[in-house]
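What follows is the content of data_24.tsv (TSV, C-alpha atoms).
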```
chain	number	residue	atom	x	y	z
A	1394	MET	CA	60.24	79.15	280.20
A	1395	SER	CA	60.69	82.46	281.92
A	1396	VAL	CA	60.51	86.08	280.71
A	1397	LYS	CA	60.97	89.41	282.40
A	1398	ILE	CA	58.55	92.27	281.90
A	1399	ARG	CA	59.71	95.74	282.81
A	1400	PHE	CA	57.28	98.58	283.38
A	1401	PHE	CA	58.17	102.26	283.37
A	1402	ALA	CA	56.71	105.55	284.62
A	1403	ARG	CA	52.97	105.38	285.35
A	1404	PHE	CA	52.89	101.68	284.48
A	1405	ARG	CA	55.54	101.06	287.11
A	1406	GLU	CA	53.33	102.65	289.76
A	1407	LEU	CA	50.60	100.20	288.80
A	1408	PHE	CA	52.57	97.00	288.31
A	1409	GLY	CA	55.92	97.49	290.01
A	1410	ALA	CA	59.22	97.75	288.20
A	1411	ASP	CA	59.88	94.19	287.05
A	1412	VAL	CA	57.68	91.12	286.74
A	1413	MET	CA	59.24	87.70	286.17
A	1414	THR	CA	56.79	85.18	284.84
A	1415	ASP	CA	56.72	81.65	283.47
A	1416	VAL	CA	55.05	81.25	280.10
A	1417	VAL	CA	54.37	78.34	277.82
A	1418	ALA	CA	56.16	78.12	274.52
A	1419	GLY	CA	54.38	79.91	271.72
A	1420	THR	CA	52.87	82.62	273.92
A	1421	MET	CA	52.50	85.83	271.94
A	1422	PHE	CA	53.58	89.24	273.14
A	1423	THR	CA	50.04	90.65	273.42
A	1424	SER	CA	48.71	87.59	275.27
A	1425	LEU	CA	51.50	87.81	277.80
A	1426	ILE	CA	50.97	91.48	278.60
A	1427	THR	CA	47.21	90.97	278.69
A	1428	MET	CA	47.62	88.09	281.17
A	1429	ILE	CA	49.82	90.19	283.47
A	1430	ALA	CA	47.70	93.33	283.17
A	1431	LYS	CA	44.43	91.58	283.97
A	1432	LYS	CA	45.63	91.06	287.52
A	1433	ASN	CA	45.28	94.80	288.05
A	1434	PRO	CA	42.12	96.43	286.62
A	1435	GLU	CA	43.49	99.97	286.86
A	1436	GLY	CA	46.71	98.87	285.24
A	1437	TYR	CA	44.84	97.03	282.52
A	1438	ALA	CA	42.86	100.17	281.68
A	1439	ALA	CA	46.09	102.16	281.52
A	1440	ILE	CA	47.58	99.83	278.89
A	1441	PHE	CA	44.55	98.51	276.98
A	1442	ASP	CA	41.40	100.13	275.65
A	1443	GLU	CA	37.87	98.77	276.13
A	1444	THR	CA	38.23	96.53	273.06
A	1445	GLY	CA	41.30	94.85	274.54
A	1446	ALA	CA	43.72	96.53	272.12
A	1447	PHE	CA	46.84	98.37	273.30
A	1448	HIS	CA	46.33	102.10	273.67
A	1449	GLU	CA	48.01	103.51	270.57
A	1450	PHE	CA	50.56	105.52	272.58
A	1451	VAL	CA	51.96	102.50	274.47
A	1452	ILE	CA	55.58	101.68	273.62
A	1453	LEU	CA	56.55	98.00	273.48
A	1454	MET	CA	60.09	96.68	273.32
A	1455	LYS	CA	61.59	93.20	273.26
A	1456	ASN	CA	65.26	92.89	274.13
A	1457	GLY	CA	65.81	96.56	273.31
A	1458	LYS	CA	64.04	96.40	269.95
A	1459	ARG	CA	60.79	98.14	269.24
A	1460	ILE	CA	57.74	95.93	268.62
A	1461	GLU	CA	54.97	97.67	266.70
A	1462	ILE	CA	51.56	97.32	268.33
A	1463	ALA	CA	50.24	95.87	265.08
A	1464	ASP	CA	52.85	93.08	265.25
A	1465	ALA	CA	52.59	92.31	268.97
A	1466	ALA	CA	49.78	89.75	268.64
A	1467	LYS	CA	51.88	87.65	266.23
A	1468	THR	CA	55.26	88.07	267.93
A	1469	PRO	CA	56.14	85.11	270.16
A	1470	VAL	CA	58.14	85.53	273.35
A	1471	VAL	CA	60.97	83.11	274.05
A	1472	ASP	CA	62.84	82.05	277.16
A	1473	GLY	CA	64.95	84.82	278.63
A	1474	ASP	CA	63.23	87.66	276.76
A	1475	GLU	CA	63.21	91.05	278.42
A	1476	ILE	CA	60.12	93.00	277.58
A	1477	ALA	CA	59.60	96.70	278.24
A	1478	VAL	CA	56.22	98.43	278.38
A	1479	PHE	CA	55.99	102.15	278.85
A	1480	PRO	CA	53.97	105.27	278.14
A	1481	PRO	CA	55.47	108.49	276.78
A	1482	VAL	CA	56.00	110.86	279.69
A	1483	ALA	CA	54.24	114.09	278.81
A	1484	GLY	CA	54.70	116.66	281.57
A	1485	GLY	CA	57.09	119.55	281.36
B	1324	MET	CA	86.18	138.82	273.37
B	1325	PHE	CA	85.24	138.80	277.01
B	1326	SER	CA	84.97	141.59	279.52
B	1327	GLU	CA	86.82	141.27	282.82
B	1328	ARG	CA	83.50	140.56	284.48
B	1329	GLU	CA	82.77	137.73	282.06
B	1330	ARG	CA	86.24	136.26	282.57
B	1331	GLU	CA	85.65	136.21	286.31
B	1332	ARG	CA	82.14	134.88	285.97
B	1333	TYR	CA	83.14	131.97	283.75
B	1334	LYS	CA	86.59	131.37	285.22
B	1335	ARG	CA	85.82	127.99	286.74
B	1336	GLN	CA	84.23	126.54	283.61
B	1337	MET	CA	86.83	128.03	281.28
B	1338	MET	CA	89.18	125.71	283.16
B	1339	LEU	CA	87.22	122.96	281.40
B	1340	PHE	CA	86.82	124.28	277.88
B	1341	GLY	CA	88.89	127.44	277.58
B	1342	ASP	CA	88.31	130.70	275.75
B	1343	GLU	CA	87.28	128.89	272.61
B	1344	GLY	CA	84.54	126.94	274.34
B	1345	GLN	CA	83.24	129.98	276.17
B	1346	GLU	CA	83.24	131.90	272.89
B	1347	ARG	CA	81.13	129.15	271.34
B	1348	LEU	CA	78.60	129.47	274.14
B	1349	LYS	CA	78.56	133.24	273.82
B	1350	LYS	CA	77.85	133.06	270.09
B	1351	ALA	CA	75.13	130.46	270.51
B	1352	HIS	CA	71.40	131.01	270.39
B	1353	ILE	CA	69.14	128.45	272.06
B	1354	PHE	CA	65.37	128.34	271.82
B	1355	VAL	CA	63.64	127.16	275.00
B	1356	ALA	CA	60.03	126.16	274.38
B	1357	GLY	CA	58.28	126.69	277.70
B	1358	ALA	CA	59.05	128.59	280.89
B	1359	GLY	CA	57.61	126.01	283.28
B	1360	GLY	CA	58.97	123.03	285.18
B	1361	LEU	CA	61.60	122.02	282.62
B	1362	GLY	CA	62.10	125.47	281.10
B	1363	SER	CA	63.07	126.90	284.48
B	1364	PRO	CA	66.18	124.80	285.21
B	1365	VAL	CA	67.13	124.58	281.53
B	1366	SER	CA	67.11	128.34	280.99
B	1367	LEU	CA	68.73	129.13	284.34
B	1368	TYR	CA	71.66	126.77	283.68
B	1369	LEU	CA	72.08	127.94	280.09
B	1370	ALA	CA	72.03	131.53	281.33
B	1371	VAL	CA	74.66	131.05	284.01
B	1372	ALA	CA	76.82	129.04	281.59
B	1373	GLY	CA	76.86	132.09	279.30
B	1374	VAL	CA	74.81	130.93	276.32
B	1375	GLY	CA	74.78	134.26	274.53
B	1376	THR	CA	71.18	134.39	273.38
B	1377	ILE	CA	68.26	132.58	274.92
B	1378	THR	CA	64.81	132.82	273.42
B	1379	ILE	CA	62.16	131.56	275.81
B	1380	VAL	CA	58.52	131.23	274.81
B	1381	ASP	CA	55.46	130.70	276.97
B	1382	MET	CA	51.82	131.73	276.81
B	1383	ASP	CA	50.81	131.39	280.45
B	1384	VAL	CA	50.69	133.54	283.57
B	1385	VAL	CA	52.25	132.37	286.82
B	1386	ASP	CA	49.80	130.45	288.98
B	1387	GLN	CA	50.29	129.48	292.61
B	1388	THR	CA	50.14	125.78	291.63
B	1389	ASN	CA	53.25	126.30	289.45
B	1390	LEU	CA	55.47	127.29	292.33
B	1391	ASN	CA	56.35	123.80	293.59
B	1392	ARG	CA	58.53	123.29	290.54
B	1393	GLN	CA	58.81	126.31	288.25
B	1394	ILE	CA	61.77	127.86	289.99
B	1395	LEU	CA	62.05	130.82	287.62
B	1396	HIS	CA	58.90	132.20	289.22
B	1397	PHE	CA	58.47	133.48	292.74
B	1398	ASP	CA	55.47	134.04	294.96
B	1399	ARG	CA	55.47	137.72	294.01
B	1400	ASP	CA	55.09	136.76	290.33
B	1401	ILE	CA	51.65	135.17	290.69
B	1402	GLY	CA	49.43	136.69	288.01
B	1403	ARG	CA	52.36	138.01	285.93
B	1404	LYS	CA	53.27	136.70	282.51
B	1405	LYS	CA	55.74	133.84	282.76
B	1406	THR	CA	57.80	135.43	280.02
B	1407	THR	CA	58.09	138.71	281.97
B	1408	SER	CA	59.08	136.84	285.10
B	1409	ALA	CA	61.53	134.60	283.20
B	1410	LYS	CA	63.29	137.44	281.41
B	1411	GLU	CA	63.67	139.36	284.67
B	1412	LYS	CA	65.26	136.40	286.52
B	1413	LEU	CA	67.51	135.32	283.66
B	1414	GLN	CA	68.83	138.85	283.13
B	1415	GLU	CA	69.38	139.24	286.85
B	1416	ILE	CA	71.28	135.99	287.12
B	1417	ASN	CA	73.42	136.91	284.11
B	1418	PRO	CA	73.30	140.46	282.74
B	1419	ASP	CA	75.90	139.59	280.09
B	1420	ILE	CA	73.53	137.52	277.93
B	1421	THR	CA	70.59	138.44	275.72
B	1422	VAL	CA	67.18	137.09	276.67
B	1423	ASN	CA	64.25	137.22	274.27
B	1424	ALA	CA	61.04	136.33	276.05
B	1425	ILE	CA	58.04	135.88	273.78
B	1426	ASP	CA	54.52	135.63	275.14
B	1427	VAL	CA	52.74	133.54	272.53
B	1428	LYS	CA	51.25	130.11	271.94
B	1429	ILE	CA	53.53	128.09	269.69
B	1430	ASP	CA	51.51	126.90	266.71
B	1431	GLU	CA	51.93	125.61	263.17
B	1432	ILE	CA	51.94	129.11	261.72
B	1433	ASN	CA	54.51	130.77	263.97
B	1434	ALA	CA	56.77	127.90	265.12
B	1435	ALA	CA	59.47	128.14	262.42
B	1436	ASP	CA	59.64	131.93	262.65
B	1437	LEU	CA	59.85	131.87	266.44
B	1438	VAL	CA	62.78	129.45	266.34
B	1439	GLY	CA	64.42	131.66	263.71
B	1440	GLN	CA	68.18	131.15	263.46
B	1441	ALA	CA	68.53	129.36	266.82
B	1442	ASP	CA	71.21	126.67	267.06
B	1443	GLY	CA	68.93	124.24	268.90
B	1444	ILE	CA	65.49	123.77	270.40
B	1445	VAL	CA	64.92	122.68	273.99
B	1446	ASP	CA	61.68	120.80	274.52
B	1447	ALA	CA	60.27	122.12	277.78
B	1448	MET	CA	56.66	121.65	276.75
B	1449	ASP	CA	53.91	119.83	278.61
B	1450	ASN	CA	52.10	118.34	275.62
B	1451	TYR	CA	52.92	116.16	272.64
B	1452	PRO	CA	51.16	118.07	269.83
B	1453	THR	CA	53.48	121.07	270.36
B	1454	ARG	CA	56.46	118.76	270.83
B	1455	TYR	CA	55.71	117.14	267.45
B	1456	LEU	CA	55.50	120.56	265.87
B	1457	LEU	CA	58.88	121.62	267.26
B	1458	ASN	CA	60.33	118.24	266.27
B	1459	GLU	CA	59.32	119.02	262.68
B	1460	VAL	CA	60.83	122.51	262.88
B	1461	ALA	CA	64.10	121.00	264.14
B	1462	ILE	CA	64.10	118.53	261.25
B	1463	ALA	CA	63.38	121.26	258.68
B	1464	LYS	CA	66.10	123.53	260.08
B	1465	GLU	CA	68.53	120.64	260.71
B	1466	ILE	CA	69.13	121.69	264.30
B	1467	PRO	CA	69.05	119.50	267.41
B	1468	PHE	CA	65.95	118.97	269.51
B	1469	PHE	CA	66.64	118.35	273.19
B	1470	HIS	CA	63.66	116.37	274.46
B	1471	GLY	CA	62.57	116.06	278.07
B	1472	GLY	CA	59.38	114.86	279.75
B	1473	ILE	CA	58.28	114.25	283.32
B	1474	HIS	CA	55.54	112.59	285.36
B	1475	GLY	CA	55.62	112.39	289.14
B	1476	PHE	CA	59.03	111.08	290.13
B	1477	TYR	CA	59.69	109.80	286.58
B	1478	GLY	CA	61.42	111.55	283.73
B	1479	GLN	CA	62.87	110.93	280.31
B	1480	ALA	CA	65.27	112.76	278.01
B	1481	THR	CA	66.96	112.25	274.68
B	1482	THR	CA	68.90	114.34	272.19
B	1483	ILE	CA	67.60	114.32	268.66
B	1484	ILE	CA	69.93	115.18	265.79
B	1485	PRO	CA	67.88	115.26	262.58
B	1486	GLY	CA	69.15	112.83	259.99
B	1487	THR	CA	71.30	110.99	262.53
B	1488	THR	CA	69.14	109.90	265.43
B	1489	PRO	CA	65.53	108.87	265.71
B	1490	CYS	CA	63.22	111.88	265.92
B	1491	LEU	CA	60.50	112.29	268.53
B	1492	LYS	CA	57.93	110.71	266.18
B	1493	CYS	CA	60.18	107.69	265.64
B	1494	ILE	CA	60.35	107.13	269.39
B	1495	PHE	CA	56.83	108.16	270.34
B	1496	PRO	CA	54.60	107.93	267.26
B	1497	LYS	CA	51.37	108.60	269.15
B	1498	ALA	CA	50.67	111.19	271.82
B	1499	PRO	CA	49.38	110.08	275.21
B	1500	PRO	CA	46.14	111.71	276.37
B	1501	LYS	CA	46.53	115.16	277.91
B	1502	GLU	CA	46.30	115.12	281.69
B	1503	VAL	CA	46.96	117.19	284.77
B	1504	PHE	CA	50.15	115.37	285.63
B	1505	PRO	CA	51.41	114.93	289.19
B	1506	VAL	CA	54.92	116.26	289.71
B	1507	VAL	CA	57.39	117.13	292.40
B	1508	GLY	CA	59.86	119.90	291.59
B	1509	VAL	CA	62.99	117.81	291.82
B	1510	THR	CA	61.96	115.74	288.77
B	1511	PRO	CA	62.01	118.60	286.23
B	1512	GLY	CA	65.08	119.81	288.12
B	1513	ILE	CA	66.88	116.57	287.25
B	1514	ILE	CA	65.58	116.18	283.69
B	1515	GLY	CA	65.96	119.89	282.86
B	1516	THR	CA	69.54	119.77	284.07
B	1517	VAL	CA	70.20	116.74	281.85
B	1518	GLN	CA	68.79	118.69	278.90
B	1519	ALA	CA	70.91	121.76	279.68
B	1520	ASN	CA	73.97	119.54	279.98
B	1521	GLU	CA	73.21	118.13	276.53
B	1522	VAL	CA	72.89	121.62	275.05
B	1523	LEU	CA	76.24	122.67	276.49
B	1524	LYS	CA	78.04	119.55	275.22
B	1525	TYR	CA	76.49	120.00	271.79
B	1526	LEU	CA	77.52	123.65	271.57
B	1527	LEU	CA	81.00	122.89	272.88
B	1528	GLY	CA	81.44	119.81	270.70
B	1529	ILE	CA	82.58	117.68	273.65
B	1530	GLY	CA	81.52	114.47	275.36
B	1531	GLU	CA	78.97	111.91	274.27
B	1532	LEU	CA	75.50	113.13	273.51
B	1533	LEU	CA	72.34	111.34	274.61
B	1534	THR	CA	71.73	110.33	271.00
B	1535	GLY	CA	69.97	107.11	270.03
B	1536	ARG	CA	69.30	106.56	273.71
B	1537	LEU	CA	66.29	107.38	275.83
B	1538	PHE	CA	67.42	108.30	279.34
B	1539	ILE	CA	64.88	107.19	281.91
B	1540	TRP	CA	64.93	108.43	285.47
B	1541	ASP	CA	63.04	106.78	288.33
B	1542	GLY	CA	63.31	109.12	291.29
B	1543	MET	CA	61.50	106.73	293.63
B	1544	GLN	CA	64.20	104.12	293.16
B	1545	ALA	CA	66.97	106.68	292.54
B	1546	HIS	CA	67.67	104.65	289.42
B	1547	ALA	CA	68.63	105.84	285.96
B	1548	GLU	CA	68.77	103.68	282.88
B	1549	GLU	CA	68.59	104.01	279.16
B	1550	ILE	CA	66.84	102.31	276.31
B	1551	CYS	CA	68.31	102.22	272.81
B	1552	VAL	CA	66.03	103.87	270.29
B	1553	GLU	CA	66.22	103.58	266.52
B	1554	ARG	CA	65.08	105.55	263.51
B	1555	ASN	CA	61.86	104.44	261.90
B	1556	PRO	CA	62.48	104.39	258.14
B	1557	ALA	CA	58.75	104.91	257.64
B	1558	CYS	CA	58.54	107.80	260.13
B	1559	GLU	CA	56.09	110.41	258.91
B	1560	ALA	CA	58.29	113.22	260.27
B	1561	CYS	CA	61.86	112.20	259.42
B	1562	GLY	CA	61.56	109.05	257.30
B	1563	GLY	CA	62.41	110.91	254.11
B	1564	ILE	CA	65.67	112.51	255.16
B	1565	ALA	CA	69.03	110.93	254.48
B	1566	LYS	CA	71.31	109.67	257.21
B	1567	LYS	CA	74.02	112.11	258.20
B	1568	THR	CA	77.46	111.20	259.39
B	1569	THR	CA	78.05	114.02	261.86
B	1570	ALA	CA	76.23	114.80	265.07
B	1571	ARG	CA	78.26	117.80	266.11
B	1572	LYS	CA	77.92	121.52	265.88
B	1573	LYS	CA	80.32	122.67	263.22
B	1574	LYS	CA	83.36	124.50	264.44
```

Show me this structure written as structure tokens.
Amino acid sequence: MSVKIRFFARFRELFGADVMTDVVAGTMFTSLITMIAKKNPEGYAAIFDETGAFHEFVILMKNGKRIEIADAAKTPVVDGDEIAVFPPVAGG
Amino acid sequence: MFSERERERYKRQMMLFGDEGQERLKKAHIFVAGAGGLGSPVSLYLAVAGVGTITIVDMDVVDQTNLNRQILHFDRDIGRKKTTSAKEKLQEINPDITVNAIDVKIDEINAADLVGQADGIVDAMDNYPTRYLLNEVAIAKEIPFFHGGIHGFYGQATTIIPGTTPCLKCIFPKAPPKEVFPVVGVTPGIIGTVQANEVLKYLLGIGELLTGRLFIWDGMQAHAEEICVERNPACEACGGIAKKTTARKKK
């Protein structure tokens, strides 16, 4: 099955705008993002801390609905999901 | 009532919203938090539109590194207080409005008093702790909070109506680390103009506000999109307040 991951702002600079990827059924949200992020060490460090947990400021969405970081590890992705990963933009 | 000069000045926009709309702008008081990259275009456009009272707050002096984006400040202003420079430019561009420029750091003690009786708060800050503070003031005073943020060629904006839309804490519960962010002047130009446009629509009671939607601008791709955002019932800032049915400034 196939899902689309969309990155925004600084994450987009590191990963590109959209990543389409094939995943096996039952893959969880956190595992999917971890798998993608590990291909880019700088990008991985931007999204995850040294323990492998999401930085607490990272915003995760699935099909336009917020996924809490605490729930991401137990939230499965399904075919056709559109996932958004972005940091708050802080400058002014 | 308007002077002849005001009627001439606002003639082309009064074609859009008439005497009544212009009167609304004239009676309005908007609080602009920050006289930097976002605060510059926001305050300039609110000033030329004829928003009657603008309070602009900043604690910094103009630095040469500001000048690629902070278009309120000129080369000759380096070393001057941003508030002094801002007041001078805003009064020059429109002598028919009142500009209060306050040179202070916004903190927990003074924030509510600084905002005073303003009809709305424009977020032109460069850090989340102060944004969260102003978000709470907006909730307490039941006035809108016009959020904007930028990084490089990227920007975001949303209009927060306490009790109706998600607040800043609902959307961004945790602050990102503070950083010296890269930026090119056009990005705050675009986002600040979106914020000013929201303020005007809110004051005039026209159009569709950027409520419940996070506007995201990617200048590298020249692509704008939006993400739906929802209230968090457990939000520590606004979770306790009841849902309202109106998102408009009362006539």

query: Using only C-alpha atoms, which chain A residues lie at most 7 Å away from chain B, written as a ChimeraX atom specification?
result: /A:1402,1449-1450,1457,1481-1485

task: Rounded to one decimal place, report the CA of Ala1372 in chain B-CA of Tyr1333 in chain B distance in Å.
output: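 Separating CA of Ala1372 in chain B from CA of Tyr1333 in chain B is a distance of 7.3 Å.
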
- prompt: Contacts of Gly1445 in chain A at 12 Å or less, counting all atoms listed in the file, minus same-chain residues fewer than 6 places along, as a ChimeraX atom specification?
  reply: /A:1423-1424,1426-1428,1430-1431,1437-1439,1466

Shortest interatomic distance to Asp1472 in chain A - which of A:Met1421, A:Val1416, A:Ile1398, A:Ile1460, counting all atoms listed in the file: A:Val1416

task: Can you pull out every residue within 6 Å of range 1473-1475 of chain A, counting all atoms listed in the file, but drop anything in the same chain fewer than 5 positions away, and send it as a list in words?
output: Ser1395, Val1396, Lys1397, Ile1398, Lys1455 and Asn1456 of chain A

query: Could you name the residues that touch range 1428-1434 of chain B at 8 Å or less, counting all atoms listed in the file, but leaving out those on the same chain fewer than 6 positions away, as a PyMOL selection string?
result: chain B and resi 1380-1382+1453+1456-1457+1460

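The residue that comes closest to Thr1487 in chain B, out of B:Tyr1525, B:His1546, B:Thr1534, B:Lys1566 and on the basis of all atoms listed in the file, is B:Lys1566.
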
Selection near Thr1376 in chain B, 9 Å with only C-alpha atoms, sequence-local residues under 4 positions removed, as a PyMOL selection string: chain B and resi 1348-1354+1370+1420-1423+1441

- prompt: Which of these residues is nearest to Phe1325 in chain B, using all atoms listed in the file: B:Arg1399, B:Asp1419, B:Ala1565, B:Tyr1368?
  reply: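 Closest candidate: B:Asp1419.
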
- line: Separating CA of Thr1481 in chain B from CA of Phe1340 in chain B, to the nearest tenth of an Å, is a gap of 23.4 Å

- request: Please check which residues have atoms at most 10 Å from (57.7, 111.8, 258.8) in the file's coordinates, counting only C-alpha atoms, and write them as a PyMOL selection string.
  value: chain B and resi 1459+1462+1490+1492-1493+1496+1555-1564

- request: Report the distance between CA of Gly1443 in chain B and CA of Pro1480 in chain A in Å, rounded to one decimal place.
  value: 25.9 Å

message: Counting all atoms listed in the file, I want the residues whose atoms come within 7 Å of (55.8, 103.8, 281.3) in the file frame, returned as a PyMOL selection string.
response: chain A and resi 1400-1405+1478-1481

task: Write out as an NGL selection string each polymer residue whose atoms come within 6 Å of Arg1403 in chain B, counting only C-alpha atoms; drop sequence neighbours fewer than 3 positions from it.
output: :B and (1384-1385 or 1400)

Residue subset to file, keeping C-alpha atoms, as an mmCIF file, keeping the file's coordinate frame:
```cif
data_model
loop_
_atom_site.group_PDB
_atom_site.id
_atom_site.type_symbol
_atom_site.label_atom_id
_atom_site.label_comp_id
_atom_site.auth_asym_id
_atom_site.auth_seq_id
_atom_site.Cartn_x
_atom_site.Cartn_y
_atom_site.Cartn_z
ATOM 1 C CA VAL B 1384 50.690 133.540 283.570
ATOM 2 C CA VAL B 1385 52.250 132.370 286.820
ATOM 3 C CA ASP B 1400 55.090 136.760 290.330
#
```
